[in-house]
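Participant: Starting off with a structure, shown below.
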Amino acid sequence: MNVKKKFPSKVACVHCNGGCRAKQSPEGFVLCEYGCTGCGTCIAACRFDAIRLNSYGVAEVDESRCVGCGACYLNCPQRIIHLRPEDNPIVVLCSNKDARCRDVCAVSCVGCGLCERVCPAGAIKVSENRAFIFADRCLSCGACAMACPRGVIRDKRGILTRRI
């Protein structure tokens, strides 16, 4: 049995891009308390070898290997991995809740609301200083991704924003 057929519509997405780790302090990396800590729990939970740590030490999902089983989601201690519809490539890569994050991370959501204002479908809501996309309403048009001044909202296909 093809595992992809069992879970056809969802893939995991890590809602952190690791930008906070791009700034180094004398003691080491500066971490966002809401972001990925690189603990590896999701990697250990994934039976399909679909998750690895990127150059910032942040978990990334290989969507070609992900079957959407949710094991990484259930095991992430930071609660920043979510399942998203596979056919909607527009994602918010930030789990920040603190408006002061701009001091640590140049690519964190600051809750400016520009994405919410440009969305023709009303699929975005800014709450707790971060954007949320309601997949059931999203048209995948990418207006939010193109309007995002900090590059937090991305098109995973790489058509509207750089590929991640």
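Chain labels run A, B, ... following the order of the structure tokens; each chain numbers its residues from 1, and ligands are numbered from 1 in the order shown.
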Excluding Arg130 of chain A and residues on its chain fewer than 6 positions from it, collect all residues at most 7 Å away from it, counting only C-alpha atoms, and give them as a short mmCIF file (atom, residue, chain, number, x, y, z; two decimals) with C-alpha atoms, in the first residue's frame.

Facilitator:
data_model
loop_
_atom_site.label_atom_id
_atom_site.label_comp_id
_atom_site.auth_asym_id
_atom_site.auth_seq_id
_atom_site.Cartn_x
_atom_site.Cartn_y
_atom_site.Cartn_z
CA ASN A 96 6.69 34.47 17.36
CA LYS A 97 4.26 36.05 19.84
CA CYS A 109 6.44 38.44 11.95
CA VAL A 110 5.81 41.69 13.80
CA GLY A 111 2.05 41.70 13.34
#

Participant: Which residues of segment 57-128 of chain A come within 9 Å of segment 134-156 of chain A, and for each one, what is the closest pair of atoms and their distance in Å to one decimal, counting only C-alpha atoms, sorted by chain and residue number, as a tab-separated table?

Facilitator:
residue	atom	partner	partner_atom	distance
A:Arg84	CA	A:Ala135	CA	7.4
A:Pro85	CA	A:Ala135	CA	7.0
A:Asp87	CA	A:Ser140	CA	8.7
A:Asn88	CA	A:Ser140	CA	5.8
A:Pro89	CA	A:Lys156	CA	5.0
A:Ile90	CA	A:Asp155	CA	4.6
A:Val91	CA	A:Arg154	CA	5.4
A:Val92	CA	A:Ile153	CA	4.4
A:Leu93	CA	A:Val152	CA	5.4
A:Cys94	CA	A:Val152	CA	6.5
A:Ala106	CA	A:Arg150	CA	7.0
A:Val107	CA	A:Arg150	CA	5.2
A:Ser108	CA	A:Val152	CA	6.0
A:Cys109	CA	A:Val152	CA	6.0
A:Val110	CA	A:Arg150	CA	8.5
A:Cys112	CA	A:Cys148	CA	8.9
A:Gly113	CA	A:Cys148	CA	9.0
A:Leu114	CA	A:Ala147	CA	6.7
A:Cys115	CA	A:Cys144	CA	4.4
A:Glu116	CA	A:Cys144	CA	7.2
A:Arg117	CA	A:Cys144	CA	8.5
A:Val118	CA	A:Cys144	CA	6.3
A:Cys119	CA	A:Cys144	CA	6.0
A:Pro120	CA	A:Ala143	CA	8.0
A:Ala121	CA	A:Arg137	CA	6.3
A:Gly122	CA	A:Arg137	CA	7.2
A:Ala123	CA	A:Arg137	CA	5.1
A:Ile124	CA	A:Phe134	CA	6.2
A:Lys125	CA	A:Phe134	CA	8.0

Participant: Find, counting only C-alpha atoms, the residue in A:Ser95, A:Arg102, A:Leu83, A:Cys20 that gets nearest to Ala131 of chain A.

Facilitator: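 For Ala131 of chain A, the nearest of the given residues is A:Ser95.
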
Participant: Between A:Ser64, A:Gly18, A:Val126, A:Gly38, which is the closest to Arg52 of chain A once you count only C-alpha atoms?

Facilitator: A:Gly38

Participant: Need to verify the contact set: Glu60 of chain A, 7 Å, only C-alpha atoms, exclusion of same-chain residues closer than 3 positions in sequence. Can you return it as an mmCIF file with C-alpha atoms, in the first residue's frame?

Facilitator:
data_model
loop_
_atom_site.group_PDB
_atom_site.id
_atom_site.type_symbol
_atom_site.label_atom_id
_atom_site.label_comp_id
_atom_site.auth_asym_id
_atom_site.auth_seq_id
_atom_site.Cartn_x
_atom_site.Cartn_y
_atom_site.Cartn_z
ATOM 1 C CA VAL A 14 7.818 24.031 10.622
ATOM 2 C CA ILE A 51 12.909 16.074 8.599
ATOM 3 C CA ARG A 52 16.437 17.395 8.906
ATOM 4 C CA LEU A 53 18.121 20.358 10.569
ATOM 5 C CA ASN A 54 19.114 23.190 8.233
#

Participant: From segment 20-164 of chain A, collect each residue whose DSSP state is strand (DSSP E or B) and return the set as a list of chain:residue names.

Facilitator: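 Those residues are A:Gln24, A:Ser25, A:Gly28, A:Phe29, A:Ile51, A:Arg52, A:Leu53, A:Ala59, A:Glu60, A:Val61, A:Ile81, A:His82, A:Leu83, A:Arg84, A:Pro85, A:Ile90, A:Val91, A:Val92, A:Ile124, A:Lys125, A:Val126, A:Ser127, A:Arg130, A:Ala131, A:Phe132, A:Ile133, A:Ile153, A:Arg154, A:Asp155.
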
Participant: Kindly save the residues from that selection, with N, CA and C atoms included, as a JSON list (two decimals), in the first residue's frame.

Facilitator:
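Listed below is the output, again09.json:
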[["chain", "number", "residue", "atom", "x", "y", "z"],
["A", 24, "GLN", "N", 24.61, 36.07, 15.85],
["A", 24, "GLN", "CA", 25.36, 35.35, 16.85],
["A", 24, "GLN", "C", 25.82, 36.29, 17.95],
["A", 25, "SER", "N", 25.68, 35.84, 19.19],
["A", 25, "SER", "CA", 26.20, 36.58, 20.33],
["A", 25, "SER", "C", 27.54, 35.96, 20.71],
["A", 28, "GLY", "N", 27.15, 32.44, 21.77],
["A", 28, "GLY", "CA", 26.61, 31.48, 20.81],
["A", 28, "GLY", "C", 25.43, 32.09, 20.08],
["A", 29, "PHE", "N", 24.51, 31.25, 19.65],
["A", 29, "PHE", "CA", 23.36, 31.72, 18.90],
["A", 29, "PHE", "C", 22.33, 32.38, 19.81],
["A", 51, "ILE", "N", 12.52, 14.84, 7.90],
["A", 51, "ILE", "CA", 12.91, 16.07, 8.60],
["A", 51, "ILE", "C", 14.41, 16.06, 8.84],
["A", 52, "ARG", "N", 15.01, 17.23, 8.62],
["A", 52, "ARG", "CA", 16.44, 17.39, 8.91],
["A", 52, "ARG", "C", 16.63, 18.78, 9.51],
["A", 53, "LEU", "N", 17.80, 19.02, 10.06],
["A", 53, "LEU", "CA", 18.12, 20.36, 10.57],
["A", 53, "LEU", "C", 18.85, 21.13, 9.47],
["A", 59, "ALA", "N", 14.61, 22.76, 12.22],
["A", 59, "ALA", "CA", 13.99, 21.64, 11.50],
["A", 59, "ALA", "C", 13.37, 22.11, 10.19],
["A", 60, "GLU", "N", 13.56, 21.32, 9.14],
["A", 60, "GLU", "CA", 12.94, 21.55, 7.84],
["A", 60, "GLU", "C", 12.34, 20.24, 7.36],
["A", 61, "VAL", "N", 11.19, 20.33, 6.71],
["A", 61, "VAL", "CA", 10.50, 19.14, 6.23],
["A", 61, "VAL", "C", 10.74, 18.97, 4.73],
["A", 81, "ILE", "N", 5.28, 22.94, 14.75],
["A", 81, "ILE", "CA", 5.07, 22.15, 13.55],
["A", 81, "ILE", "C", 3.57, 21.93, 13.41],
["A", 82, "HIS", "N", 3.06, 22.22, 12.23],
["A", 82, "HIS", "CA", 1.64, 22.04, 11.96],
["A", 82, "HIS", "C", 1.48, 21.34, 10.62],
["A", 83, "LEU", "N", 0.34, 20.69, 10.46],
["A", 83, "LEU", "CA", 0.03, 20.07, 9.18],
["A", 83, "LEU", "C", -0.75, 21.07, 8.34],
["A", 84, "ARG", "N", -0.36, 21.18, 7.08],
["A", 84, "ARG", "CA", -1.03, 22.12, 6.18],
["A", 84, "ARG", "C", -1.45, 21.37, 4.92],
["A", 85, "PRO", "N", -2.46, 21.91, 4.23],
["A", 85, "PRO", "CA", -2.86, 21.26, 2.97],
["A", 85, "PRO", "C", -1.69, 21.25, 1.99],
["A", 90, "ILE", "N", 1.41, 28.49, 0.34],
["A", 90, "ILE", "CA", 1.65, 29.74, 1.05],
["A", 90, "ILE", "C", 1.71, 29.47, 2.55],
["A", 91, "VAL", "N", 2.84, 29.79, 3.17],
["A", 91, "VAL", "CA", 3.05, 29.48, 4.59],
["A", 91, "VAL", "C", 3.61, 30.69, 5.34],
["A", 92, "VAL", "N", 3.30, 30.74, 6.62],
["A", 92, "VAL", "CA", 3.87, 31.74, 7.53],
["A", 92, "VAL", "C", 4.99, 31.05, 8.29],
["A", 124, "ILE", "N", -6.42, 35.61, 6.15],
["A", 124, "ILE", "CA", -5.34, 35.86, 7.10],
["A", 124, "ILE", "C", -5.87, 36.68, 8.26],
["A", 125, "LYS", "N", -5.44, 36.29, 9.45],
["A", 125, "LYS", "CA", -5.78, 37.02, 10.67],
["A", 125, "LYS", "C", -4.48, 37.23, 11.43],
["A", 126, "VAL", "N", -4.26, 38.47, 11.88],
["A", 126, "VAL", "CA", -3.09, 38.74, 12.70],
["A", 126, "VAL", "C", -3.54, 38.74, 14.15],
["A", 127, "SER", "N", -2.90, 37.90, 14.93],
["A", 127, "SER", "CA", -3.23, 37.75, 16.35],
["A", 127, "SER", "C", -1.94, 37.43, 17.09],
["A", 130, "ARG", "N", 1.39, 37.94, 15.20],
["A", 130, "ARG", "CA", 1.81, 37.07, 14.10],
["A", 130, "ARG", "C", 0.62, 36.77, 13.21],
["A", 131, "ALA", "N", 0.93, 36.42, 11.97],
["A", 131, "ALA", "CA", -0.09, 36.12, 10.97],
["A", 131, "ALA", "C", -0.45, 34.64, 11.00],
["A", 132, "PHE", "N", -1.72, 34.36, 10.80],
["A", 132, "PHE", "CA", -2.24, 33.00, 10.67],
["A", 132, "PHE", "C", -3.00, 32.93, 9.35],
["A", 133, "ILE", "N", -2.80, 31.86, 8.61],
["A", 133, "ILE", "CA", -3.53, 31.65, 7.36],
["A", 133, "ILE", "C", -4.56, 30.55, 7.58],
["A", 153, "ILE", "N", 6.05, 35.47, 5.19],
["A", 153, "ILE", "CA", 5.11, 34.64, 4.44],
["A", 153, "ILE", "C", 5.77, 34.26, 3.13],
["A", 154, "ARG", "N", 5.82, 32.96, 2.85],
["A", 154, "ARG", "CA", 6.55, 32.47, 1.69],
["A", 154, "ARG", "C", 5.70, 31.55, 0.83],
["A", 155, "ASP", "N", 6.10, 31.47, -0.41],
["A", 155, "ASP", "CA", 5.52, 30.54, -1.36],
["A", 155, "ASP", "C", 6.51, 29.38, -1.46]]

Participant: Can you pull out every residue from segment 25-91 of chain A that DSSP, working from the backbone, puts in alpha helix (DSSP H), and format the result as a PyMOL selection string?

Facilitator: chain A and resi 41-45+71-75

Participant: Would you export the selected residues with N, CA and C atoms as a PDB file, in the first residue's frame, please?

Facilitator:
ATOM      1  N   THR A  41      13.655  16.257  18.361  1.00  0.00           N
ATOM      2  CA  THR A  41      12.526  15.403  18.733  1.00  0.00           C
ATOM      3  C   THR A  41      11.677  15.047  17.519  1.00  0.00           C
ATOM      4  N   CYS A  42      11.467  16.008  16.640  1.00  0.00           N
ATOM      5  CA  CYS A  42      10.667  15.758  15.434  1.00  0.00           C
ATOM      6  C   CYS A  42      11.373  14.774  14.504  1.00  0.00           C
ATOM      7  N   ILE A  43      12.671  14.875  14.419  1.00  0.00           N
ATOM      8  CA  ILE A  43      13.456  13.979  13.570  1.00  0.00           C
ATOM      9  C   ILE A  43      13.330  12.547  14.078  1.00  0.00           C
ATOM     10  N   ALA A  44      13.429  12.386  15.388  1.00  0.00           N
ATOM     11  CA  ALA A  44      13.310  11.057  15.987  1.00  0.00           C
ATOM     12  C   ALA A  44      11.903  10.483  15.814  1.00  0.00           C
ATOM     13  N   ALA A  45      10.901  11.349  15.822  1.00  0.00           N
ATOM     14  CA  ALA A  45       9.508  10.898  15.700  1.00  0.00           C
ATOM     15  C   ALA A  45       9.128  10.526  14.276  1.00  0.00           C
ATOM     16  N   ALA A  71       3.239  12.798  13.341  1.00  0.00           N
ATOM     17  CA  ALA A  71       4.101  12.392  14.453  1.00  0.00           C
ATOM     18  C   ALA A  71       4.993  13.543  14.914  1.00  0.00           C
ATOM     19  N   CYS A  72       5.529  14.302  13.980  1.00  0.00           N
ATOM     20  CA  CYS A  72       6.387  15.442  14.345  1.00  0.00           C
ATOM     21  C   CYS A  72       5.571  16.512  15.068  1.00  0.00           C
ATOM     22  N   TYR A  73       4.378  16.755  14.578  1.00  0.00           N
ATOM     23  CA  TYR A  73       3.456  17.723  15.186  1.00  0.00           C
ATOM     24  C   TYR A  73       3.161  17.346  16.637  1.00  0.00           C
ATOM     25  N   LEU A  74       2.866  16.086  16.869  1.00  0.00           N
ATOM     26  CA  LEU A  74       2.523  15.621  18.211  1.00  0.00           C
ATOM     27  C   LEU A  74       3.698  15.647  19.170  1.00  0.00           C
ATOM     28  N   ASN A  75       4.917  15.540  18.646  1.00  0.00           N
ATOM     29  CA  ASN A  75       6.095  15.455  19.502  1.00  0.00           C
ATOM     30  C   ASN A  75       6.883  16.740  19.660  1.00  0.00           C
TER      31      ASN A  75
END

Participant: Identify which of the residues A:Arg100, A:Gly70, A:Glu86, A:Asn17 lies closest to Tyr56 of chain A, counting only C-alpha atoms when measuring atom-to-atom distances.

Facilitator: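 Closest residue, counting only C-alpha atoms: A:Asn17.
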
Participant: Distance atom CA of Ile80 of chain A-atom CA of Glu33 of chain A, one decimal place?

Facilitator: 11.3 Å

Participant: In Å, how far is it from atom CA of Cys69 of chain A to atom CA of Cys32 of chain A?

Facilitator: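 So the two atoms, atom CA of Cys69 of chain A and atom CA of Cys32 of chain A, lie 27.1 Å apart.
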
Participant: Suppose you want the space between atom CA of Ile159 of chain A and atom CA of Phe48 of chain A; what is it in Å?

Facilitator: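 Distance reported for this atom pair: 27.2 Å.
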
Participant: In terms of the shortest atom-to-atom distance over only C-alpha atoms, which of A:Val67, A:Leu160, A:Cys105, A:Ala99 is closest to Asp49 of chain A?

Facilitator: A:Val67
